[in-house]
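What follows is the content of coords-v4.pdb, which has PDB, C-alpha atoms:
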MODEL        1
ATOM      1  CA  MET A   1     -13.379-104.288  -1.337
ATOM      2  CA  SER A   2     -12.510-101.734   1.313
ATOM      3  CA  ARG A   3     -10.464 -98.779   0.193
ATOM      4  CA  LEU A   4      -8.759 -95.894   1.934
ATOM      5  CA  SER A   5      -6.939 -92.803   0.791
ATOM      6  CA  ILE A   6      -3.420 -93.952   1.350
ATOM      7  CA  LEU A   7      -0.864 -91.408   0.293
ATOM      8  CA  SER A   8      -0.537 -87.949   1.641
ATOM      9  CA  MET A   9       3.144 -87.450   1.116
ATOM     10  CA  LYS A  10       4.767 -84.069   1.598
ATOM     11  CA  ILE A  11       8.508 -84.231   1.095
ATOM     12  CA  TRP A  12      11.333 -81.900   1.870
ATOM     13  CA  ILE A  13      15.025 -82.248   1.471
ATOM     14  CA  PHE A  14      16.877 -79.852   3.711
ATOM     15  CA  TRP A  15      20.222 -79.134   5.325
ATOM     16  CA  VAL A  16      21.108 -77.813   8.727
ATOM     17  CA  ALA A  17      24.389 -76.341   9.903
ATOM     18  CA  ASN A  18      25.740 -76.924  13.395
ATOM     19  CA  PHE A  19      23.441 -79.892  13.754
ATOM     20  CA  VAL A  20      22.515 -81.121  17.223
ATOM     21  CA  ALA A  21      20.811 -84.513  17.387
ATOM     22  CA  ALA A  22      17.301 -84.503  18.830
ATOM     23  CA  GLU A  23      14.521 -87.014  19.205
ATOM     24  CA  ALA A  24      11.723 -84.718  18.021
ATOM     25  CA  LEU A  25      10.872 -84.425  14.337
ATOM     26  CA  LEU A  26      10.267 -80.702  14.230
ATOM     27  CA  LYS A  27       8.552 -79.116  11.268
ATOM     28  CA  VAL A  28      11.016 -77.749   8.739
ATOM     29  CA  ILE A  29      11.312 -73.958   8.928
ATOM     30  CA  ASP A  30      13.659 -71.867   6.816
ATOM     31  CA  SER A  31      16.272 -70.074   8.911
ATOM     32  CA  PRO A  32      19.874 -68.795   8.609
ATOM     33  CA  THR A  33      21.145 -72.292   9.462
ATOM     34  CA  ARG A  34      18.413 -74.381   7.843
ATOM     35  CA  GLN A  35      17.224 -74.365   4.251
ATOM     36  CA  PHE A  36      14.843 -76.694   2.477
ATOM     37  CA  LYS A  37      13.429 -77.460  -0.917
ATOM     38  CA  THR A  38      10.151 -79.232  -1.449
ATOM     39  CA  LEU A  39       9.899 -82.235  -3.742
ATOM     40  CA  ASP A  40       6.129 -81.890  -4.163
ATOM     41  CA  GLY A  41       4.846 -82.105  -7.707
ATOM     42  CA  PHE A  42       4.194 -84.776 -10.301
ATOM     43  CA  TRP A  43       6.120 -87.990  -9.733
ATOM     44  CA  ASP A  44       6.403 -91.078 -11.932
ATOM     45  CA  PHE A  45       4.000 -93.715 -10.631
ATOM     46  CA  LEU A  46       3.706 -97.454 -11.249
ATOM     47  CA  PRO A  47       1.417 -99.873  -9.371
ATOM     48  CA  ASP A  48       2.297-103.520  -8.812
ATOM     49  CA  TYR A  49      -0.881-105.538  -9.372
ATOM     50  CA  SER A  50       0.806-108.901  -8.835
ATOM     51  CA  ALA A  51      -0.354-111.032  -5.925
ATOM     52  CA  SER A  52       3.211-112.024  -5.057
ATOM     53  CA  ALA A  53       4.780-108.553  -4.685
ATOM     54  CA  SER A  54       6.981-109.248  -7.691
ATOM     55  CA  SER A  55       8.183-105.641  -7.780
ATOM     56  CA  VAL A  56       9.900-106.061  -4.418
ATOM     57  CA  ASN A  57      11.354-109.432  -5.374
ATOM     58  CA  GLU A  58      12.600-107.968  -8.668
ATOM     59  CA  GLU A  59      14.144-104.987  -6.832
ATOM     60  CA  TRP A  60      12.500-102.284  -8.910
ATOM     61  CA  TRP A  61      14.414 -99.588  -7.017
ATOM     62  CA  LYS A  62      17.667-100.502  -8.766
ATOM     63  CA  LYS A  63      16.509 -99.144 -12.145
ATOM     64  CA  PRO A  64      14.259 -96.268 -13.231
ATOM     65  CA  LEU A  65      10.573 -97.147 -12.956
ATOM     66  CA  SER A  66      10.116 -96.584 -16.685
ATOM     67  CA  GLN A  67      12.104 -99.798 -17.263
ATOM     68  CA  HIS A  68       9.518-101.853 -15.380
ATOM     69  CA  GLY A  69       6.289-100.784 -17.017
ATOM     70  CA  GLU A  70       4.186 -97.918 -18.283
ATOM     71  CA  ILE A  71       4.471 -95.091 -15.802
ATOM     72  CA  ARG A  72       1.914 -92.356 -15.294
ATOM     73  CA  PRO A  73       2.230 -88.958 -13.598
ATOM     74  CA  MET A  74       0.928 -88.828 -10.026
ATOM     75  CA  PRO A  75       0.703 -85.676  -7.896
ATOM     76  CA  VAL A  76       2.462 -85.674  -4.543
ATOM     77  CA  PRO A  77       0.953 -85.125  -2.059
ATOM     78  CA  SER A  78      -2.221 -86.986  -2.961
ATOM     79  CA  SER A  79      -4.101 -90.236  -2.517
ATOM     80  CA  PHE A  80      -3.546 -92.323  -5.634
ATOM     81  CA  ASN A  81      -6.834 -94.187  -5.034
ATOM     82  CA  ASP A  82      -8.765 -90.959  -5.599
ATOM     83  CA  ILE A  83      -6.848 -89.330  -8.460
ATOM     84  CA  THR A  84      -7.721 -91.347 -11.549
ATOM     85  CA  THR A  85     -10.885 -92.897 -12.973
ATOM     86  CA  ASP A  86      -9.141 -96.281 -13.223
ATOM     87  CA  ALA A  87     -11.349 -98.642 -11.188
ATOM     88  CA  LYS A  88      -8.527-101.131 -10.720
ATOM     89  CA  LEU A  89      -6.270 -98.487  -9.218
ATOM     90  CA  LYS A  90      -9.096 -96.996  -7.182
ATOM     91  CA  ASP A  91      -9.533-100.297  -5.332
ATOM     92  CA  HIS A  92      -5.879-101.313  -5.327
ATOM     93  CA  LEU A  93      -4.398-102.632  -2.088
ATOM     94  CA  GLY A  94      -0.720-103.523  -2.182
ATOM     95  CA  TRP A  95       2.506-102.137  -3.582
ATOM     96  CA  VAL A  96       2.816 -98.973  -5.642
ATOM     97  CA  TRP A  97       5.986 -97.151  -6.660
ATOM     98  CA  TYR A  98       6.783 -93.452  -6.882
ATOM     99  CA  GLU A  99       9.864 -91.891  -8.406
ATOM    100  CA  THR A 100      11.211 -88.413  -8.966
ATOM    101  CA  HIS A 101      14.522 -86.691  -9.680
ATOM    102  CA  PHE A 102      16.079 -83.729  -7.913
ATOM    103  CA  THR A 103      19.392 -81.919  -7.994
ATOM    104  CA  THR A 104      21.790 -81.449  -5.111
ATOM    105  CA  PRO A 105      22.042 -77.707  -4.378
ATOM    106  CA  THR A 106      25.675 -76.620  -4.562
ATOM    107  CA  LEU A 107      25.132 -74.371  -1.540
ATOM    108  CA  TRP A 108      24.600 -77.519   0.526
ATOM    109  CA  LEU A 109      28.111 -78.751  -0.265
ATOM    110  CA  ASN A 110      31.477 -77.543   0.957
ATOM    111  CA  SER A 111      33.913 -75.350  -0.993
ATOM    112  CA  SER A 112      35.291 -78.469  -2.717
ATOM    113  CA  GLY A 113      31.820 -79.434  -3.949
ATOM    114  CA  GLN A 114      31.579 -82.415  -1.601
ATOM    115  CA  TYR A 115      29.215 -83.378   1.177
ATOM    116  CA  ASP A 116      30.857 -82.751   4.561
ATOM    117  CA  PRO A 117      28.912 -84.357   7.443
ATOM    118  CA  ASP A 118      31.073 -82.514   9.990
ATOM    119  CA  THR A 119      29.795 -79.083   8.955
ATOM    120  CA  ARG A 120      26.236 -79.805   7.834
ATOM    121  CA  LYS A 121      23.659 -82.556   7.575
ATOM    122  CA  ILE A 122      21.233 -83.157   4.718
ATOM    123  CA  PHE A 123      17.951 -84.881   5.522
ATOM    124  CA  LEU A 124      15.127 -86.303   3.463
ATOM    125  CA  ARG A 125      11.810 -85.885   5.269
ATOM    126  CA  PHE A 126       8.346 -87.257   4.548
ATOM    127  CA  GLU A 127       5.327 -85.770   6.260
ATOM    128  CA  SER A 128       3.491 -89.089   5.980
ATOM    129  CA  ALA A 129       3.138 -92.183   3.836
ATOM    130  CA  HIS A 130       0.336 -94.664   4.336
ATOM    131  CA  TYR A 131       1.110 -97.268   5.545
ATOM    132  CA  TYR A 132       4.451 -98.933   4.946
ATOM    133  CA  ALA A 133       7.144 -97.206   2.902
ATOM    134  CA  MET A 134      10.650 -98.045   1.742
ATOM    135  CA  VAL A 135      12.798 -95.178   0.450
ATOM    136  CA  PHE A 136      15.730 -95.488  -1.946
ATOM    137  CA  VAL A 137      18.106 -92.809  -3.219
ATOM    138  CA  ASN A 138      20.051 -93.527  -6.398
ATOM    139  CA  GLY A 139      19.186 -97.213  -6.088
ATOM    140  CA  VAL A 140      20.397 -97.505  -2.488
ATOM    141  CA  PHE A 141      18.129 -98.200   0.500
ATOM    142  CA  LEU A 142      17.812 -95.186   2.802
ATOM    143  CA  MET A 143      14.980 -95.889   5.261
ATOM    144  CA  GLU A 144      11.667 -97.557   5.918
ATOM    145  CA  HIS A 145       8.647 -96.478   7.908
ATOM    146  CA  SER A 146       5.412 -98.092   8.984
ATOM    147  CA  VAL A 147       2.156 -96.566  10.248
ATOM    148  CA  GLY A 148       0.845 -93.534   8.432
ATOM    149  CA  HIS A 149       0.020 -90.076   9.771
ATOM    150  CA  LEU A 150       3.511 -89.462  11.181
ATOM    151  CA  PRO A 151       6.564 -87.735   9.689
ATOM    152  CA  PHE A 152       9.812 -89.610   9.189
ATOM    153  CA  GLU A 153      13.247 -88.605   7.985
ATOM    154  CA  ALA A 154      16.816 -89.798   7.529
ATOM    155  CA  GLU A 155      20.191 -88.243   6.839
ATOM    156  CA  VAL A 156      20.785 -88.597   3.099
ATOM    157  CA  GLY A 157      23.919 -86.592   2.343
ATOM    158  CA  SER A 158      26.240 -89.532   1.738
ATOM    159  CA  LEU A 159      23.929 -90.949  -0.972
ATOM    160  CA  LEU A 160      23.603 -87.775  -3.023
ATOM    161  CA  ASN A 161      25.347 -87.223  -6.321
ATOM    162  CA  THR A 162      27.707 -84.277  -6.042
ATOM    163  CA  ASP A 163      29.070 -84.235  -9.596
ATOM    164  CA  ALA A 164      28.573 -81.322 -11.988
ATOM    165  CA  GLU A 165      24.960 -82.286 -12.738
ATOM    166  CA  GLY A 166      24.126 -83.477  -9.224
ATOM    167  CA  VAL A 167      20.961 -85.321 -10.325
ATOM    168  CA  ASN A 168      19.480 -87.835  -7.891
ATOM    169  CA  ARG A 169      16.788 -90.474  -8.338
ATOM    170  CA  LEU A 170      14.388 -90.840  -5.415
ATOM    171  CA  THR A 171      12.256 -94.004  -5.363
ATOM    172  CA  VAL A 172       9.534 -94.815  -2.848
ATOM    173  CA  ALA A 173       7.832 -98.194  -2.550
ATOM    174  CA  LEU A 174       4.522 -97.888  -0.742
ATOM    175  CA  ASN A 175       2.166-100.577   0.548
ATOM    176  CA  ASN A 176      -1.288 -99.448   1.674
ATOM    177  CA  THR A 177      -2.446-102.805   3.043
ATOM    178  CA  LEU A 178      -4.143-102.445   6.405
ATOM    179  CA  ASN A 179      -3.586-104.893   9.249
ATOM    180  CA  SER A 180      -3.964-105.073  13.009
ATOM    181  CA  THR A 181      -1.023-102.714  13.599
ATOM    182  CA  THR A 182      -1.940 -99.951  11.156
ATOM    183  CA  VAL A 183      -3.886 -96.820  12.040
ATOM    184  CA  PRO A 184      -6.738 -97.354  11.377
ATOM    185  CA  PRO A 185      -6.480-101.105  11.998
ATOM    186  CA  SER A 186      -8.075-103.744   9.834
ATOM    187  CA  ALA A 187      -8.402-107.515   9.500
ATOM    188  CA  TYR A 188     -10.862-107.773  12.379
ATOM    189  CA  ASN A 189     -14.508-108.659  12.158
ATOM    190  CA  TYR A 190     -15.734-107.044  15.344
ATOM    191  CA  LYS A 191     -19.254-108.439  15.110
ATOM    192  CA  SER A 192     -18.143-112.057  15.027
ATOM    193  CA  ASN A 193     -14.921-111.813  17.049
ATOM    194  CA  ASP A 194     -15.896-113.050  20.503
ATOM    195  CA  THR A 195     -12.533-112.202  22.039
ATOM    196  CA  TYR A 196     -12.994-108.552  21.120
ATOM    197  CA  TYR A 197     -16.195-108.436  23.180
ATOM    198  CA  MET A 198     -14.787-110.403  26.087
ATOM    199  CA  PHE A 199     -15.698-107.597  28.516
ATOM    200  CA  ALA A 200     -19.229-107.074  27.180
TER     201      ALA A 200
ENDMDL
END

Target format structure tokens, applied to this file:
Amino acid sequence: MSRLSILSMKIWIFWVANFVAAEALLKVIDSPTRQFKTLDGFWDFLPDYSASASSVNEEWWKKPLSQHGEIRPMPVPSSFNDITTDAKLKDHLGWVWYETHFTTPTLWLNSSGQYDPDTRKIFLRFESAHYYAMVFVNGVFLMEHSVGHLPFEAEVGSLLNTDAEGVNRLTVALNNTLNSTTVPPSAYNYKSNDTYYMFA
């Protein structure tokens, strides 16, 4: 079975004041109007070994991962295929789930302790996730991304808990299955595919 290192996930949550929309996903740099906190570290991790993607059908993101099976710690960023000595996980292709908790910094809220999108924006940014990812915050869908090797982000302020504790649950569903649209691509047998060599 072919296997690739599939998760190199570096995550920041950051806010910017006086936000101006732009197409480019610039690297996060601390400045007087931009602050960030990294969410790197050990996350809860749970693979879905079912052939039918039951975790997606059962909507695992709606409850803590610990309610769906025996979780294990997994470092982020890392490639889960290369971290453990578990042969089944080492060769796993399909869905895996990551989860962590983080607090909403009070400095990122207004004087009333609320998120104010008119004065600042709060983004959740991933440096990469291989190859298809769905991101949920507090059980609510935030964004999806396909193709690894590229950063992606979304404005997350409206989904954050702003109560006294301000604790948020971040869940990421990741599928490392390669196909013809992933980088690198898969599902082609170049030696026997005559159409691939049509110009030979």

Scan for residues within 10 Å of the point (20.3, -79.4, -7.1) in the coordinates of the file, using all atoms listed in the file, and reply as a ChimeraX atom specification. /A:37,101-108,160-162,164-168

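Distance check against Leu46 (chain A) using all atoms listed in the file: of A:Leu26, A:Ala154, A:Met134, A:Leu65, the minimum falls on A:Leu65.
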
Got a sec to resolve the PyMOL selection byres ((chain A and resi 72) around 7) on this structure and send the residues as a list of chain:residue names? A:Asp44, A:Phe45, A:Leu46, A:Glu70, A:Ile71, A:Pro73, A:Met74

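When CA of Ser128 (chain A) is paired with CA of Ser158 (chain A), their separation reads 23.1 Å.
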
Considering only C-alpha atoms, return as a PDB file with C-alpha atoms, in the coordinates of the input whatever protein or nucleic-acid residues lie within 10 Å of region 109-112 of chain A, sequence-local ones (same chain, fewer than 4 positions apart) excluded.
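Output (part30.pdb):
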ATOM      1  CA  TRP A  15      20.222 -79.134   5.325  1.00  0.00           C
ATOM      2  CA  THR A 104      21.790 -81.449  -5.111  1.00  0.00           C
ATOM      3  CA  PRO A 105      22.042 -77.707  -4.378  1.00  0.00           C
ATOM      4  CA  ASP A 116      30.857 -82.751   4.561  1.00  0.00           C
ATOM      5  CA  PRO A 117      28.912 -84.357   7.443  1.00  0.00           C
ATOM      6  CA  THR A 119      29.795 -79.083   8.955  1.00  0.00           C
ATOM      7  CA  ARG A 120      26.236 -79.805   7.834  1.00  0.00           C
ATOM      8  CA  LYS A 121      23.659 -82.556   7.575  1.00  0.00           C
ATOM      9  CA  ILE A 122      21.233 -83.157   4.718  1.00  0.00           C
ATOM     10  CA  GLY A 157      23.919 -86.592   2.343  1.00  0.00           C
ATOM     11  CA  THR A 162      27.707 -84.277  -6.042  1.00  0.00           C
TER      12      THR A 162
END

Please compute the CA of Thr33 (chain A)-CA of Val140 (chain A) distance, one decimal, in Å. 27.9 Å

What is the CA of Lys27 (chain A) to CA of Leu150 (chain A) distance in Å?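 Going from CA of Lys27 (chain A) over to CA of Leu150 (chain A) covers 11.5 Å.
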
To verify the selection step, state as a list in words which residues the PyMOL selection byres ((chain A and resi 49-51) around 10) yields on this input.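 Matching residues under the PyMOL selection byres ((chain A and resi 49-51) around 10) are Leu46, Pro47, Asp48, Ser52, Ala53, Ser54, Ser55, Lys88, Leu89, His92, Leu93, Gly94, Trp95 and Val96 of chain A.
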
Please determine, counting all atoms listed in the file, which residue among A:Asn176, A:Thr171, A:Ser66, A:Thr100 has the shortest atom-to-atom distance to Val135 (chain A).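 Of A:Asn176, A:Thr171, A:Ser66, A:Thr100, the one nearest Val135 (chain A) is A:Thr171, counting all atoms listed in the file.
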
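Among the candidates A:Leu174, A:Ala87, A:Leu159, A:Leu142, the one nearest to Gln114 (chain A) when counting only C-alpha atoms is A:Leu159.
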
Region 64-80 of chain A: axis-aligned bounding box, 6 Å on each side, centre and edge lengths in Å, one decimal, as JSON:
{"center_x": 5.1, "center_y": -93.5, "center_z": -10.2, "size_x": 30.4, "size_y": 28.7, "size_z": 28.2}

Nearest residue to Val28 (chain A) out of A:Thr182, A:Phe126, A:Arg169, A:Asn138, using only C-alpha atoms?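 Residue with the minimum atom-to-atom distance to Val28 (chain A): A:Phe126.
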
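Ranking A:Val56, A:Pro184, A:Trp43, A:Ala133 by their shortest atom-to-atom distance to Pro75 (chain A), with only C-alpha atoms included, puts A:Trp43 first.
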
Among listed residues A:Asp40, A:Asp30, A:Asp86, A:Glu58, nearest Glu127 (chain A) (using all atoms listed in the file): A:Asp40

With N, CA and C atoms as the target, complete region 96-107 of chain A and hand it back as an mmCIF file, in the frame of the given file.
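Here's the written file result.cif:
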data_model
loop_
_atom_site.group_PDB
_atom_site.id
_atom_site.type_symbol
_atom_site.label_atom_id
_atom_site.label_comp_id
_atom_site.auth_asym_id
_atom_site.auth_seq_id
_atom_site.Cartn_x
_atom_site.Cartn_y
_atom_site.Cartn_z
ATOM 1 N N VAL A 96 2.721 -99.958 -4.558
ATOM 2 C CA VAL A 96 2.816 -98.973 -5.642
ATOM 3 C C VAL A 96 4.187 -98.308 -5.517
ATOM 4 N N TRP A 97 4.646 -97.737 -6.619
ATOM 5 C CA TRP A 97 5.986 -97.151 -6.660
ATOM 6 C C TRP A 97 5.918 -95.718 -7.166
ATOM 7 N N TYR A 98 6.655 -94.859 -6.507
ATOM 8 C CA TYR A 98 6.783 -93.452 -6.882
ATOM 9 C C TYR A 98 8.256 -93.172 -7.168
ATOM 10 N N GLU A 99 8.471 -92.258 -8.118
ATOM 11 C CA GLU A 99 9.864 -91.891 -8.406
ATOM 12 C C GLU A 99 9.937 -90.458 -8.921
ATOM 13 N N THR A 100 10.969 -89.754 -8.480
ATOM 14 C CA THR A 100 11.211 -88.413 -8.966
ATOM 15 C C THR A 100 12.719 -88.169 -8.996
ATOM 16 N N HIS A 101 13.112 -87.081 -9.617
ATOM 17 C CA HIS A 101 14.522 -86.691 -9.680
ATOM 18 C C HIS A 101 14.675 -85.290 -9.098
ATOM 19 N N PHE A 102 15.790 -85.046 -8.458
ATOM 20 C CA PHE A 102 16.079 -83.729 -7.913
ATOM 21 C C PHE A 102 17.587 -83.501 -7.959
ATOM 22 N N THR A 103 17.967 -82.254 -7.961
ATOM 23 C CA THR A 103 19.392 -81.919 -7.994
ATOM 24 C C THR A 103 19.891 -81.565 -6.591
ATOM 25 N N THR A 104 21.159 -81.810 -6.377
ATOM 26 C CA THR A 104 21.790 -81.449 -5.111
ATOM 27 C C THR A 104 22.207 -79.982 -5.177
ATOM 28 N N PRO A 105 21.643 -79.123 -4.341
ATOM 29 C CA PRO A 105 22.042 -77.707 -4.378
ATOM 30 C C PRO A 105 23.521 -77.548 -4.032
ATOM 31 N N THR A 106 24.239 -76.797 -4.823
ATOM 32 C CA THR A 106 25.675 -76.620 -4.562
ATOM 33 C C THR A 106 25.920 -75.893 -3.241
ATOM 34 N N LEU A 107 24.973 -75.076 -2.810
ATOM 35 C CA LEU A 107 25.132 -74.371 -1.540
ATOM 36 C C LEU A 107 25.119 -75.320 -0.347
#
